[in-house]
file target-v5.txt (compact mmCIF, C-alpha atoms)
# COMPACT_ATOMS: atom_id res chain seq x y z
CA MET A 19 -11.70 -25.80 15.02
CA ASP A 20 -11.93 -22.35 16.61
CA THR A 21 -9.74 -19.69 18.22
CA THR A 22 -9.50 -21.67 21.47
CA TYR A 23 -7.34 -24.35 19.83
CA PRO A 24 -3.61 -24.00 20.54
CA LEU A 25 -1.43 -22.60 17.77
CA ALA A 26 0.52 -25.85 17.83
CA VAL A 27 -2.63 -27.45 16.42
CA LEU A 28 -3.92 -24.61 14.22
CA VAL A 29 -0.68 -23.83 12.41
CA PRO A 30 0.15 -27.37 11.19
CA ALA A 31 -3.52 -27.88 10.19
CA ALA A 32 -3.51 -24.65 8.17
CA ARG A 33 -0.21 -25.70 6.61
CA GLU A 34 -1.95 -28.87 5.41
CA GLY A 35 -4.70 -26.79 3.82
CA ASP A 36 -7.39 -26.73 6.53
CA GLN A 37 -9.46 -23.60 5.86
CA ASP A 38 -11.16 -23.73 9.29
CA ALA A 39 -7.80 -23.72 11.02
CA TRP A 40 -6.73 -20.76 8.89
CA ASN A 41 -9.95 -18.88 9.73
CA ALA A 42 -9.33 -19.53 13.43
CA ILE A 43 -5.82 -18.06 13.13
CA VAL A 44 -7.28 -15.03 11.34
CA ASP A 45 -9.99 -14.57 13.99
CA ARG A 46 -7.40 -14.80 16.72
CA PHE A 47 -5.02 -12.18 15.35
CA LEU A 48 -7.21 -9.80 13.31
CA PRO A 49 -7.78 -7.56 16.35
CA LEU A 50 -4.00 -7.38 16.90
CA VAL A 51 -3.32 -6.50 13.26
CA GLY A 52 -6.16 -3.95 13.35
CA ALA A 53 -4.82 -2.33 16.52
CA ILE A 54 -1.29 -1.99 15.11
CA VAL A 55 -2.65 -0.56 11.85
CA ARG A 56 -4.77 1.93 13.81
CA GLY A 57 -1.73 2.92 15.84
CA HIS A 58 0.06 3.95 12.64
CA ARG A 59 -2.87 6.12 11.54
CA LEU A 60 -3.10 4.82 8.03
CA SER A 61 -6.07 5.74 5.88
CA GLU A 62 -8.91 3.23 5.87
CA ALA A 63 -7.96 1.99 2.40
CA ASP A 64 -4.25 1.68 3.23
CA GLY A 65 -5.21 -0.11 6.44
CA ASP A 66 -7.23 -2.62 4.43
CA ASP A 67 -4.28 -3.13 2.07
CA VAL A 68 -1.75 -3.62 4.86
CA SER A 69 -4.02 -6.05 6.66
CA GLN A 70 -4.54 -8.08 3.50
CA THR A 71 -0.82 -8.06 2.66
CA VAL A 72 -0.03 -9.41 6.13
CA TRP A 73 -2.47 -12.33 5.68
CA LEU A 74 -1.25 -13.07 2.16
CA ARG A 75 2.32 -13.09 3.45
CA LEU A 76 1.34 -15.43 6.26
CA VAL A 77 -0.19 -17.83 3.73
CA GLU A 78 3.23 -17.89 2.02
CA HIS A 79 5.07 -18.11 5.30
CA LEU A 80 3.09 -21.01 6.86
CA GLY A 81 5.33 -23.60 5.27
CA SER A 82 8.50 -22.13 6.74
CA LEU A 83 7.05 -21.31 10.16
CA ARG A 84 8.79 -24.04 12.15
CA GLU A 85 7.71 -22.86 15.57
CA PRO A 86 3.96 -22.11 15.79
CA ASP A 87 4.48 -20.10 18.96
CA ALA A 88 6.61 -17.65 17.00
CA LEU A 89 3.48 -16.66 15.07
CA PRO A 90 2.29 -13.76 17.27
CA GLY A 91 5.73 -12.14 17.06
CA TRP A 92 5.89 -12.70 13.31
CA ILE A 93 2.46 -11.09 12.82
CA ARG A 94 3.38 -8.13 15.01
CA THR A 95 6.67 -7.49 13.21
CA THR A 96 5.25 -8.00 9.73
CA THR A 97 2.32 -5.68 10.39
CA ARG A 98 4.53 -2.93 11.81
CA ASN A 99 6.99 -3.15 8.94
CA GLU A 100 4.25 -3.14 6.34
CA CYS A 101 2.67 -0.06 7.98
CA LEU A 102 6.01 1.75 7.89
CA ARG A 103 6.62 0.78 4.27
CA VAL A 104 3.21 2.02 3.19
CA LEU A 105 3.60 5.25 5.13
CA ALA A 106 6.93 5.83 3.42
CA ALA A 107 5.62 4.86 -0.02
CA ARG A 108 2.56 7.09 0.31
CA GLY A 109 4.62 9.89 1.84
CA ARG A 110 5.46 11.02 -1.65
CA THR A 111 1.94 12.18 -2.35
CA ARG A 112 0.40 12.53 1.10
CA PRO A 113 2.20 14.41 3.87
CA VAL A 114 2.84 12.27 6.91
CA ASP A 115 3.21 14.61 9.85
CA LEU A 116 3.24 11.71 12.27
CA LEU A 117 6.80 10.88 11.30
CA ALA A 118 9.06 13.54 12.63
CA GLY A 119 12.47 11.89 12.49
CA THR A 120 14.38 10.09 9.82
CA GLY A 121 14.43 6.43 8.96
CA LEU A 122 12.92 3.46 10.67
CA ASP A 123 14.69 4.02 13.95
CA ALA A 124 13.20 7.47 14.21
CA VAL A 125 9.79 6.23 13.16
CA GLU A 126 9.52 3.64 15.91
CA PRO A 127 9.02 5.99 18.86
CA ALA A 128 6.26 7.77 16.91
CA VAL A 129 4.04 4.82 17.64
CA ALA A 130 4.49 5.01 21.36
CA ASP A 131 5.95 1.94 22.99
CA GLU A 132 3.33 2.29 25.66
CA GLN A 133 0.60 2.07 23.06
CA LEU A 134 2.12 -1.10 21.62
CA LEU A 135 2.40 -2.54 25.10
CA ALA A 136 -1.31 -1.91 25.59
CA VAL A 137 -2.01 -3.59 22.24
CA GLU A 138 0.07 -6.52 23.42
CA ARG A 139 -1.76 -6.76 26.74
CA ARG A 140 -5.14 -6.82 25.03
CA GLN A 141 -3.95 -9.68 22.83
CA LEU A 142 -2.75 -11.57 25.93
CA LEU A 143 -6.14 -11.06 27.59
CA ARG A 144 -7.88 -12.52 24.54
CA GLU A 145 -5.47 -15.46 24.58
CA ALA A 146 -6.15 -15.93 28.30
CA LEU A 147 -9.89 -15.88 27.71
CA ALA A 148 -9.48 -18.53 25.03
CA GLU A 149 -7.66 -20.73 27.57
CA LEU A 150 -10.56 -20.73 30.04
CA PRO A 151 -13.08 -23.58 30.12
CA GLU A 152 -16.12 -22.72 28.04
CA GLY A 153 -18.50 -22.06 30.95
CA ARG A 154 -16.18 -19.55 32.58
CA ARG A 155 -15.45 -17.85 29.28
CA GLU A 156 -19.15 -17.60 28.53
CA LEU A 157 -19.87 -16.00 31.89
CA LEU A 158 -17.17 -13.36 31.44
CA LEU A 159 -18.40 -12.58 27.93
CA LEU A 160 -21.96 -12.19 29.21
CA LEU A 161 -20.72 -9.86 31.95
CA LEU A 162 -19.07 -7.82 29.20
CA ALA A 163 -22.05 -7.92 26.85
CA ASP A 164 -22.75 -4.77 24.91
CA PRO A 165 -25.39 -3.54 25.71
CA PRO A 166 -24.92 -4.80 29.29
CA LEU A 167 -26.99 -7.69 30.60
CA GLY A 168 -28.45 -7.81 34.13
CA TYR A 169 -27.62 -10.69 36.49
CA GLU A 170 -31.16 -11.97 35.97
CA ALA A 171 -30.65 -12.31 32.21
CA ILE A 172 -27.22 -13.90 32.73
CA SER A 173 -28.69 -16.31 35.27
CA ALA A 174 -31.38 -17.33 32.78
CA ARG A 175 -28.85 -17.65 29.95
CA LEU A 176 -26.43 -19.85 31.89
CA GLY A 177 -28.95 -21.65 34.05
CA ILE A 178 -27.15 -20.77 37.28
CA PRO A 179 -28.70 -19.03 40.32
CA ILE A 180 -28.27 -15.23 40.51
CA GLY A 181 -26.55 -15.65 43.87
CA SER A 182 -23.72 -17.69 42.40
CA ILE A 183 -22.85 -15.25 39.59
CA GLY A 184 -20.75 -13.03 41.85
CA PRO A 185 -18.63 -15.87 43.31
CA THR A 186 -18.30 -17.52 39.87
CA ARG A 187 -17.15 -14.22 38.40
CA ALA A 188 -14.45 -13.98 41.08
CA ARG A 189 -13.30 -17.56 40.41
CA ALA A 190 -13.29 -16.98 36.65
CA LEU A 191 -11.12 -13.88 37.01
CA GLU A 192 -8.76 -15.71 39.36
CA GLN A 193 -8.50 -18.48 36.81
CA LEU A 194 -7.85 -15.87 34.11
CA ARG A 195 -4.89 -14.56 36.15
CA ARG A 196 -3.51 -18.10 36.33
CA THR A 197 -3.70 -18.79 32.58
CA ARG A 198 -0.46 -19.42 30.77
CA ALA A 199 -1.06 -16.29 28.69
CA LEU A 200 -1.20 -13.99 31.73
CA ARG A 201 1.55 -15.78 33.64
CA GLY A 202 3.78 -15.17 30.66
CA LEU A 203 4.39 -18.88 30.13
CA GLY A 204 3.32 -18.93 26.54
CA PRO A 205 0.98 -21.49 25.06
CA GLU A 206 0.22 -24.83 26.61
CA PRO A 207 2.05 -27.94 25.47
CA VAL A 208 0.87 -29.69 22.32
CA GLY A 209 -1.78 -32.33 22.73
CA VAL A 210 -3.39 -30.85 25.82
CA THR A 211 -6.47 -28.79 25.11
CA GLY A 212 -7.61 -26.17 27.58
CA ASP A 213 -10.90 -27.80 28.36
CA GLU A 214 -9.47 -31.19 29.22
CA GLU A 215 -6.76 -29.66 31.32
CA LEU A 216 -8.72 -27.05 33.19
CA GLY A 217 -12.34 -28.23 33.04
CA MET B 7 1.63 -0.59 33.89
CA LYS B 8 0.32 -2.80 36.69
CA SER B 9 0.92 -6.54 36.69
CA TRP B 10 -2.17 -8.72 36.35
CA ASP B 11 -2.09 -9.67 40.02
CA GLU B 12 -2.11 -6.03 41.07
CA LEU B 13 -5.38 -5.38 39.24
CA THR B 14 -8.61 -5.65 41.23
CA ASP B 15 -11.33 -7.88 39.83
CA ASP B 16 -13.16 -4.83 38.49
CA GLU B 17 -10.01 -3.50 36.83
CA LEU B 18 -9.20 -6.86 35.30
CA LEU B 19 -12.74 -7.24 33.99
CA ALA B 20 -12.59 -3.71 32.56
CA ALA B 21 -9.28 -4.50 30.81
CA LEU B 22 -10.80 -7.71 29.48
CA GLY B 23 -13.74 -5.64 28.27
CA GLU B 24 -11.40 -3.50 26.15
CA ALA B 25 -9.74 -6.59 24.71
CA VAL B 26 -13.08 -8.15 23.84
CA ALA B 27 -14.35 -4.86 22.39
CA GLU B 28 -11.32 -4.78 20.08
CA ASP B 29 -12.30 -8.25 18.90
CA ARG B 30 -15.91 -7.23 18.35
CA ALA B 31 -14.80 -4.12 16.43
CA VAL B 32 -13.03 -6.12 13.73
CA ASP B 33 -14.11 -4.96 10.30
CA GLU B 34 -16.03 -7.83 8.67
CA ARG B 35 -14.75 -6.82 5.24
CA ARG B 36 -11.19 -7.31 6.46
CA ARG B 37 -12.13 -10.60 8.05
CA ALA B 38 -13.67 -11.90 4.82
CA ALA B 39 -10.64 -10.75 2.82
CA ALA B 40 -8.28 -12.43 5.29
CA TYR B 41 -10.23 -15.71 5.11
CA GLY B 42 -10.05 -15.44 1.33
CA ALA B 43 -6.27 -14.99 1.38
CA PHE B 44 -6.00 -18.73 2.06
CA ALA B 45 -7.03 -19.42 -1.54
CA TRP B 46 -3.52 -18.19 -2.50
CA ARG B 47 -1.88 -21.06 -0.64
CA ARG B 48 0.65 -22.89 -2.83
CA VAL B 49 3.08 -25.44 -1.52
CA ASP B 50 5.67 -25.57 -4.25
CA ASP B 51 6.25 -21.98 -5.36
CA GLU B 52 9.85 -20.89 -5.55
CA LEU B 53 9.86 -17.71 -3.49
CA ALA B 54 12.14 -14.78 -4.18
CA GLU B 55 13.52 -12.77 -1.31
CA LEU B 56 13.09 -9.06 -0.88
CA LEU B 57 16.55 -7.63 -1.48
CA HIS B 58 15.74 -3.96 -1.29
CA ASP B 59 12.81 -1.59 -0.81
CA SER B 60 13.47 2.13 -0.94
CA ALA B 61 10.45 2.58 1.35
CA LEU B 62 12.57 0.96 4.06
CA ASP B 63 15.58 3.22 3.48
CA ALA B 64 16.65 5.61 6.18
CA GLY B 65 14.80 8.85 5.64
CA ALA B 66 12.30 7.37 3.21
CA ALA B 67 9.39 8.66 5.21
CA VAL B 68 10.58 12.26 5.29
CA ARG B 69 11.76 12.41 1.69
CA SER B 70 8.10 13.04 1.01
CA SER B 71 8.54 16.12 -1.13
CA VAL B 72 11.05 14.43 -3.43
CA ALA B 73 9.17 12.69 -6.22
CA ALA B 74 11.43 9.65 -6.37
CA PRO B 75 9.65 6.47 -7.46
CA ARG B 76 9.74 3.57 -5.03
CA ALA B 77 12.37 1.02 -5.99
CA LEU B 78 12.09 -2.65 -5.04
CA ALA B 79 14.36 -5.59 -5.78
CA PHE B 80 13.68 -9.30 -5.34
CA GLY B 81 15.95 -12.21 -6.03
CA SER B 82 16.61 -15.89 -5.85
CA THR B 83 19.44 -18.02 -7.17
CA GLY B 84 20.59 -16.47 -10.41
CA LEU B 85 17.59 -14.26 -11.03
CA THR B 86 16.82 -10.74 -9.88
CA LEU B 87 13.67 -8.71 -10.39
CA GLU B 88 13.95 -4.96 -10.07
CA LEU B 89 10.86 -2.78 -9.90
CA GLU B 90 10.15 0.90 -9.92
CA VAL B 91 6.69 1.94 -8.78
CA ASP B 92 5.76 5.39 -10.04
CA GLY B 93 2.12 6.24 -9.47
CA GLU B 94 0.14 3.58 -11.30
CA GLN B 95 3.03 2.58 -13.51
CA VAL B 96 5.37 -0.27 -12.66
CA LEU B 97 8.61 -0.47 -14.64
CA GLY B 98 10.70 -3.56 -14.18
CA GLU B 99 13.82 -5.36 -15.21
CA VAL B 100 14.67 -9.04 -15.04
CA VAL B 101 18.38 -9.60 -14.50
CA ALA B 102 19.97 -13.01 -14.88
CA ALA B 103 23.13 -13.78 -12.93
CA GLY B 104 26.54 -13.75 -14.58
CA GLY B 105 25.51 -10.96 -16.91
CA ALA B 106 23.56 -13.36 -19.10
CA ASP B 107 21.11 -11.42 -21.20
CA ALA B 108 17.69 -11.89 -19.63
CA GLY B 109 16.12 -11.30 -23.00
CA ALA B 110 17.97 -14.29 -24.41
CA ALA B 111 15.40 -16.68 -22.99
CA PRO B 112 11.72 -15.86 -23.47
CA THR B 113 10.60 -14.39 -20.17
CA THR B 114 7.18 -13.32 -18.96
CA VAL B 115 6.16 -11.50 -15.82
CA VAL B 116 2.76 -12.01 -14.21
CA LEU B 117 1.29 -9.40 -11.90
CA GLN B 118 -1.05 -11.00 -9.37
CA ARG B 119 -3.60 -9.07 -7.28
CA PRO B 120 -5.88 -10.65 -4.67
CA ASP B 121 -8.99 -8.96 -6.08
CA ALA B 122 -8.33 -8.85 -9.81
CA ASP B 123 -7.35 -11.05 -12.71
CA ALA B 124 -3.65 -11.55 -13.21
CA ALA B 125 -1.93 -9.44 -15.86
CA THR B 126 0.86 -10.93 -17.97
CA THR B 127 3.51 -9.16 -19.98
CA GLU B 128 6.51 -10.16 -22.10
CA VAL B 129 9.95 -9.04 -21.07
CA ASP B 130 11.74 -7.33 -23.98
CA ALA B 131 15.13 -8.31 -25.38
CA ALA B 132 16.93 -6.00 -22.97
CA GLY B 133 15.13 -7.49 -19.96
CA PHE B 134 12.61 -4.69 -19.39
CA PHE B 135 8.85 -4.77 -18.90
CA ARG B 136 6.07 -2.45 -17.84
CA PHE B 137 2.61 -2.58 -16.26
CA ASP B 138 0.19 0.35 -16.43
CA GLY B 139 -2.87 1.14 -14.37
CA VAL B 140 -1.55 -0.60 -11.27
CA THR B 141 -3.77 0.73 -8.49
CA PRO B 142 -2.69 0.70 -4.81
CA GLY B 143 -3.05 -2.55 -2.91
CA PRO B 144 -1.36 -5.91 -2.35
CA ALA B 145 0.53 -7.30 -5.32
CA ARG B 146 3.11 -9.89 -6.19
CA PHE B 147 5.05 -10.76 -9.31
CA VAL B 148 5.84 -14.10 -10.88
CA VAL B 149 8.78 -14.32 -13.29
CA GLU B 150 8.54 -17.24 -15.71
CA ARG B 151 11.67 -18.03 -17.63
CA GLY B 152 12.89 -21.20 -19.30
CA GLY B 153 10.55 -23.48 -17.36
CA ARG B 154 11.43 -21.82 -14.08
CA SER B 155 8.98 -19.76 -12.10
CA LEU B 156 9.97 -17.32 -9.39
CA THR B 157 7.38 -15.69 -7.11
CA THR B 158 7.97 -12.53 -5.07
CA PRO B 159 6.55 -12.04 -1.60
CA TRP B 160 3.32 -10.01 -1.42
CA VAL B 161 3.89 -6.31 -1.04
CA THR B 162 1.54 -3.35 -0.69
CA ILE B 163 2.11 -0.98 -3.56
call {"tool": "encode", "arguments": {"input": "target-v5.txt", "output": "structure tokens"}}
result
Amino acid sequence: MDTTYPLAVLVPAAREGDQDAWNAIVDRFLPLVGAIVRGHRLSEADGDDVSQTVWLRLVEHLGSLREPDALPGWIRTTTRNECLRVLAARGRTRPVDLLAGTGLDAVEPAVADEQLLAVERRQLLREALAELPEGRRELLLLLLADPPLGYEAISARLGIPIGSIGPTRARALEQLRRTRALRGLGPEPVGVTGDEELG
Amino acid sequence: MKSWDELTDDELLAALGEAVAEDRAVDERRRAAAYGAFAWRRVDDELAELLHDSALDAGAAVRSSVAAPRALAFGSTGLTLELEVDGEQVLGEVVAAGGADAGAAPTTVVLQRPDADAATTEVDAAGFFRFDGVTPGPARFVVERGGRSLTTPWVTI
């Protein structure tokens, strides 16, 4: 089981004690948790603590999470709240100049909505990538390799002619735009895996 | 912000690059810790609810110069756990509903940390207890009283 499995499969499996399913959920949302933590400018150690508290809370919460698709929202909210609580709790000993107003309502704008929107969009792009058939996903990841790979290396890696990389890239990006994640339709229905549906 | 359809292929690929980079930048220590969190999975714990956290109060973040300890309260049917976190010291009180004296039944409180052995302490006759040397990090408390066990949600202290 990996991050490309739908949440409707991963969440019930994790609830039943499947460690691989849990790890896949972690892999899928760690970047989101990390981005929200970074946005609140916590110290490295506090960031580690918040991240771990979020995952421990999710372990507790799995049993009562009726709707797997509510998970991204739950993670977002829990991470934000935990960041704010730690900032407030640490505020006693470490000045927090980031928070100019009073109370939670005043704290919210400090982490710019636009920044959170960008965080959200990056998560959607990762979800969209996970929806693509493996070949397409692999091509896009190779095109984004760090350090960059030339078309020749990509051609050798995927066993496709150099001339078809450009057109395949265009088709892959078009398919990415049509994923449920980017069309704002939410996850695919239970029982239909991306590869069977789209491959 | 542009809609996905308004982005050119190059722009979309660049945006995807940022999303993938964020994935590749994940701290492996955090990943390992998050995987490990699953070992705390229990199916039959009775969970207490967070009733109050002074760190969530209006103005908590700006009251930074006032050295007020953080106060937390958790509860479930008939049992409340109140905590005061002051530096590395945690003072607590177990309150039973209906004014029943919590000390009347032998009560213990267990402090659980993800990366350390659990610490256990007895609640005194008046319902009070104390933990020392509680360093920052995730923690939760389990109140055991008369065969009943009540677990708080995890909280970063």
call {"tool": "atom_distance", "arguments": {"input": "target-v5.txt", "atom1": "CA of Glu88 (chain B)", "atom2": "CA of Ile93 (chain A)"}}
result
26.3 Å
call {"tool": "atom_distance", "arguments": {"input": "target-v5.txt", "atom1": "CA of Leu150 (chain A)", "atom2": "CA of Arg189 (chain A)"}}
result
11.2 Å
call {"tool": "residues_around", "arguments": {"input": "target-v5.txt", "residues": "Asp66 (chain A)", "least_positions_apart": "3", "cutoff": "10 Å", "atoms": "all atoms listed in the file", "output": "ChimeraX atom specification"}}
result
/A:52,55,60-63,69-71 /B:33,35-36,39-40,143-144
call {"tool": "atom_distance", "arguments": {"input": "target-v5.txt", "atom1": "CA of Arg98 (chain A)", "atom2": "CA of Val51 (chain A)"}}
result
8.7 Å
call {"tool": "closest_residue", "arguments": {"input": "target-v5.txt", "among": "A:Ala174, A:Leu162, A:Leu80, A:Ala26", "to": "chain B", "atoms": "all atoms listed in the file"}}
result
A:Leu162
call {"tool": "closest_residue", "arguments": {"input": "target-v5.txt", "among": "B:Arg136, B:Arg151, B:Arg37, B:His58", "to": "chain A", "atoms": "all atoms listed in the file"}}
result
B:Arg37
call {"tool": "closest_residue", "arguments": {"input": "target-v5.txt", "among": "A:Leu160, A:Arg198, A:Glu132, A:Gly91", "to": "Leu50 (chain A)", "atoms": "all atoms listed in the file"}}
result
A:Gly91
call {"tool": "residues_around", "arguments": {"input": "target-v5.txt", "residues": "region 45-56 of chain B", "least_positions_apart": "2", "cutoff": "8 Å", "atoms": "all atoms listed in the file", "output": "PDB file with C-alpha atoms, in the frame of the given file"}}
result
ATOM      1  CA  GLY A  35      -4.700 -26.790   3.820  1.00  0.00           C
ATOM      2  CA  LEU A  74      -1.250 -13.070   2.160  1.00  0.00           C
ATOM      3  CA  VAL A  77      -0.190 -17.830   3.730  1.00  0.00           C
ATOM      4  CA  GLU A  78       3.230 -17.890   2.020  1.00  0.00           C
ATOM      5  CA  GLY A  81       5.330 -23.600   5.270  1.00  0.00           C
TER       6      GLY A  81
ATOM      7  CA  GLY B  42     -10.050 -15.440   1.330  1.00  0.00           C
ATOM      8  CA  ALA B  43      -6.270 -14.990   1.380  1.00  0.00           C
ATOM      9  CA  HIS B  58      15.740  -3.960  -1.290  1.00  0.00           C
ATOM     10  CA  ASP B  59      12.810  -1.590  -0.810  1.00  0.00           C
ATOM     11  CA  LEU B  78      12.090  -2.650  -5.040  1.00  0.00           C
ATOM     12  CA  ALA B  79      14.360  -5.590  -5.780  1.00  0.00           C
ATOM     13  CA  PHE B  80      13.680  -9.300  -5.340  1.00  0.00           C
ATOM     14  CA  GLY B  81      15.950 -12.210  -6.030  1.00  0.00           C
ATOM     15  CA  SER B  82      16.610 -15.890  -5.850  1.00  0.00           C
ATOM     16  CA  SER B 155       8.980 -19.760 -12.100  1.00  0.00           C
ATOM     17  CA  LEU B 156       9.970 -17.320  -9.390  1.00  0.00           C
ATOM     18  CA  THR B 157       7.380 -15.690  -7.110  1.00  0.00           C
ATOM     19  CA  THR B 158       7.970 -12.530  -5.070  1.00  0.00           C
ATOM     20  CA  PRO B 159       6.550 -12.040  -1.600  1.00  0.00           C
TER      21      PRO B 159
END
call {"tool": "closest_residue", "arguments": {"input": "target-v5.txt", "among": "A:Arg75, A:Asp67, A:Pro86, A:Leu48", "to": "Val27 (chain A)", "atoms": "only C-alpha atoms"}}
result
A:Pro86
call {"tool": "residues_around", "arguments": {"input": "target-v5.txt", "residues": "Asp16 (chain B)", "least_positions_apart": "5", "cutoff": "10 Å", "atoms": "all atoms listed in the file", "output": "PyMOL selection string"}}
result
(chain A and resi 188+191) or (chain B and resi 21-22)
call {"tool": "closest_residue", "arguments": {"input": "target-v5.txt", "among": "A:Leu89, A:Asp131, A:Val68, A:Ala171", "to": "Val104 (chain A)", "atoms": "all atoms listed in the file"}}
result
A:Val68
call {"tool": "residues_around", "arguments": {"input": "target-v5.txt", "residues": "Asp11 (chain B)", "least_positions_apart": "4", "cutoff": "12 Å", "atoms": "only C-alpha atoms", "output": "list in words"}}
result
Leu191, Glu192, Gln193, Leu194, Arg195, Arg196, Thr197, Leu200 and Arg201 of chain A; Met7, Asp15, Glu17 and Leu18 of chain B
call {"tool": "closest_residue", "arguments": {"input": "target-v5.txt", "among": "A:Ser173, A:Pro151, A:Phe47, A:Leu143", "to": "Leu19 (chain B)", "atoms": "only C-alpha atoms"}}
result
A:Leu143
call {"tool": "decode", "arguments": {"input": "target-v5.txt", "residues": "region 192-198 of chain A", "atoms": "all heavy atoms", "output": "JSON list (two decimals), in the first residue's frame"}}
result
[["chain", "number", "residue", "atom", "x", "y", "z"],
["A", 192, "GLU", "N", -1.95, 17.60, -19.13],
["A", 192, "GLU", "CA", -3.38, 17.75, -19.41],
["A", 192, "GLU", "C", -4.18, 16.79, -18.52],
["A", 192, "GLU", "O", -5.22, 17.14, -17.97],
["A", 192, "GLU", "CB", -3.65, 17.47, -20.89],
["A", 192, "GLU", "CG", -5.01, 17.93, -21.38],
["A", 192, "GLU", "CD", -5.40, 19.31, -20.85],
["A", 192, "GLU", "OE1", -4.55, 20.23, -20.85],
["A", 192, "GLU", "OE2", -6.56, 19.46, -20.39],
["A", 193, "GLN", "N", -3.64, 15.59, -18.37],
["A", 193, "GLN", "CA", -4.30, 14.61, -17.52],
["A", 193, "GLN", "C", -4.28, 15.06, -16.05],
["A", 193, "GLN", "O", -5.23, 14.84, -15.30],
["A", 193, "GLN", "CB", -3.61, 13.25, -17.66],
["A", 193, "GLN", "CG", -4.43, 12.11, -17.11],
["A", 193, "GLN", "CD", -3.90, 10.75, -17.55],
["A", 193, "GLN", "OE1", -2.94, 10.67, -18.32],
["A", 193, "GLN", "NE2", -4.53, 9.70, -17.08],
["A", 194, "LEU", "N", -3.19, 15.72, -15.67],
["A", 194, "LEU", "CA", -3.08, 16.25, -14.31],
["A", 194, "LEU", "C", -4.18, 17.28, -14.05],
["A", 194, "LEU", "O", -4.82, 17.29, -13.00],
["A", 194, "LEU", "CB", -1.70, 16.88, -14.12],
["A", 194, "LEU", "CG", -1.28, 17.22, -12.68],
["A", 194, "LEU", "CD1", -0.92, 15.95, -11.93],
["A", 194, "LEU", "CD2", -0.09, 18.18, -12.67],
["A", 195, "ARG", "N", -4.42, 18.14, -15.05],
["A", 195, "ARG", "CA", -5.47, 19.15, -14.91],
["A", 195, "ARG", "C", -6.85, 18.51, -14.76],
["A", 195, "ARG", "O", -7.75, 19.10, -14.17],
["A", 195, "ARG", "CB", -5.51, 20.07, -16.14],
["A", 195, "ARG", "CG", -4.36, 21.03, -16.25],
["A", 195, "ARG", "CD", -4.62, 22.05, -17.36],
["A", 195, "ARG", "NE", -3.50, 22.96, -17.52],
["A", 195, "ARG", "CZ", -2.47, 22.75, -18.34],
["A", 195, "ARG", "NH1", -2.44, 21.67, -19.10],
["A", 195, "ARG", "NH2", -1.49, 23.62, -18.41],
["A", 196, "ARG", "N", -7.00, 17.30, -15.33],
["A", 196, "ARG", "CA", -8.32, 16.66, -15.30],
["A", 196, "ARG", "C", -8.49, 15.72, -14.11],
["A", 196, "ARG", "O", -9.50, 15.05, -13.99],
["A", 196, "ARG", "CB", -8.54, 15.86, -16.60],
["A", 196, "ARG", "CG", -8.67, 16.75, -17.84],
["A", 196, "ARG", "CD", -9.36, 15.98, -18.96],
["A", 196, "ARG", "NE", -8.87, 14.61, -19.08],
["A", 196, "ARG", "CZ", -7.87, 14.23, -19.86],
["A", 196, "ARG", "NH1", -7.28, 15.08, -20.62],
["A", 196, "ARG", "NH2", -7.49, 12.96, -19.89],
["A", 197, "THR", "N", -7.49, 15.64, -13.23],
["A", 197, "THR", "CA", -7.64, 14.77, -12.05],
["A", 197, "THR", "C", -8.74, 15.31, -11.16],
["A", 197, "THR", "O", -9.09, 16.49, -11.21],
["A", 197, "THR", "CB", -6.34, 14.71, -11.22],
["A", 197, "THR", "OG1", -5.94, 16.05, -10.93],
["A", 197, "THR", "CG2", -5.24, 13.98, -11.96],
["A", 198, "ARG", "N", -9.27, 14.42, -10.34],
["A", 198, "ARG", "CA", -10.31, 14.85, -9.40],
["A", 198, "ARG", "C", -9.77, 15.90, -8.44],
["A", 198, "ARG", "O", -10.46, 16.85, -8.10],
["A", 198, "ARG", "CB", -10.83, 13.63, -8.62],
["A", 198, "ARG", "CG", -11.43, 12.55, -9.51],
["A", 198, "ARG", "CD", -12.02, 11.43, -8.69],
["A", 198, "ARG", "NE", -13.21, 11.87, -7.97],
["A", 198, "ARG", "CZ", -14.45, 11.81, -8.48],
["A", 198, "ARG", "NH1", -14.64, 11.33, -9.69],
["A", 198, "ARG", "NH2", -15.46, 12.22, -7.77]]
